[in-house]
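J.: Take a look at this one; I'll ask things after.
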Amino acid sequence: MNKDSSPPGEDHEIRCPRLGHHITFSYCRVENKGLPCFKIIDCWYEHFMIEDFLRKDLKPEEWEKVFNRPKKPKILSLVELIEEAKKRTQEESQ
């Protein structure tokens, strides 16, 4: 099978293991505060040459930030998400 180095169009969706529903590549590309989701390579490698695409598309420091950062413990991530939600709730109620 010959894989293309271009991402599929907006009509092509895959199931996101994190969100639990179908999404397009364009969502995965900017999901992480404008950067790709850290799982983008795992999810899209069967559909096109994702790593080649991202290495050409991302600056070296962006690649490092997304793919070579140390993983946070799950509990720390959950606490941070809870704190962000509390902050948003407080801001919205003011």
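Every chain in the structure tokens has a letter given in the order shown (A, B, ...), and although residue numbers restart at 1 in each chain, ligands are simply numbered from 1 in the order shown.
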Fewer than 6 positions away in the same chain doesn't count, so skip those; otherwise give me all residues within 8 Å of region 27-43 of chain A, counting only C-alpha atoms, as number ranges by chain.
T.: A: 16, 50-51, 62, 66-67
J.: Take the residues just selected and output them with N, CA, C and O atoms as a compact mmCIF listing (two decimals), in the first residue's frame.
T.:
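Wrote it out as part_7.txt, contents follow:
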```txt
# COMPACT_ATOMS: atom_id res chain seq x y z
N CYS A 16 -11.60 9.02 17.75
CA CYS A 16 -10.60 9.53 18.69
C CYS A 16 -10.66 8.69 19.98
O CYS A 16 -11.71 8.64 20.63
N ILE A 50 2.05 10.49 8.44
CA ILE A 50 1.85 11.57 9.42
C ILE A 50 3.17 12.11 9.98
O ILE A 50 3.33 13.31 10.11
N GLU A 51 4.09 11.24 10.32
CA GLU A 51 5.34 11.74 10.91
C GLU A 51 6.12 12.60 9.93
O GLU A 51 6.62 13.67 10.29
N GLU A 62 8.46 23.10 18.40
CA GLU A 62 7.09 22.62 18.52
C GLU A 62 7.06 21.09 18.59
O GLU A 62 6.32 20.51 19.39
N VAL A 66 5.57 18.90 21.81
CA VAL A 66 4.46 17.95 21.68
C VAL A 66 4.90 16.52 21.95
O VAL A 66 4.24 15.80 22.70
N PHE A 67 6.01 16.09 21.35
CA PHE A 67 6.34 14.67 21.35
C PHE A 67 7.48 14.26 22.27
O PHE A 67 7.62 13.07 22.55
```
J.: Residues of chain A in alpha helix (DSSP H) according to DSSP, as a count of residues only?
T.: 47
J.: Extract the full set of strand (DSSP E or B) residues from chain A according to DSSP on the backbone, and format it as a ChimeraX atom specification.
T.: /A:13-15,22-24,32,35
J.: Produce a file of the selected residues containing C-alpha atoms, as a compact mmCIF listing (two decimals), in the first residue's frame.
T.:
```txt
# COMPACT_ATOMS: atom_id res chain seq x y z
CA GLU A 13 -12.86 10.99 10.03
CA ILE A 14 -11.43 8.52 12.52
CA ARG A 15 -12.50 7.59 16.03
CA HIS A 22 -15.18 10.67 15.25
CA ILE A 23 -13.00 13.65 14.35
CA THR A 24 -11.08 15.03 11.38
CA ASN A 32 -3.35 21.00 22.01
CA LEU A 35 -0.37 22.32 18.49
```
J.: Measure the distance from CA of His12 (chain A) to CA of Trp44 (chain A) in Å and round it to one decimal.
T.: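 Calculated distance between CA of His12 (chain A) and CA of Trp44 (chain A) is 11.1 Å.
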J.: What is the distance, in Å and to one decimal place, between CA of Phe25 (chain A) and CA of His47 (chain A)?
T.: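 Separation of CA of Phe25 (chain A) and CA of His47 (chain A): 10.2 Å.
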J.: Using CA of Asp11 (chain A) and CA of Ser26 (chain A) as the two end points, give the distance in Å to one decimal.
T.: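 So the answer is 10.7 Å.
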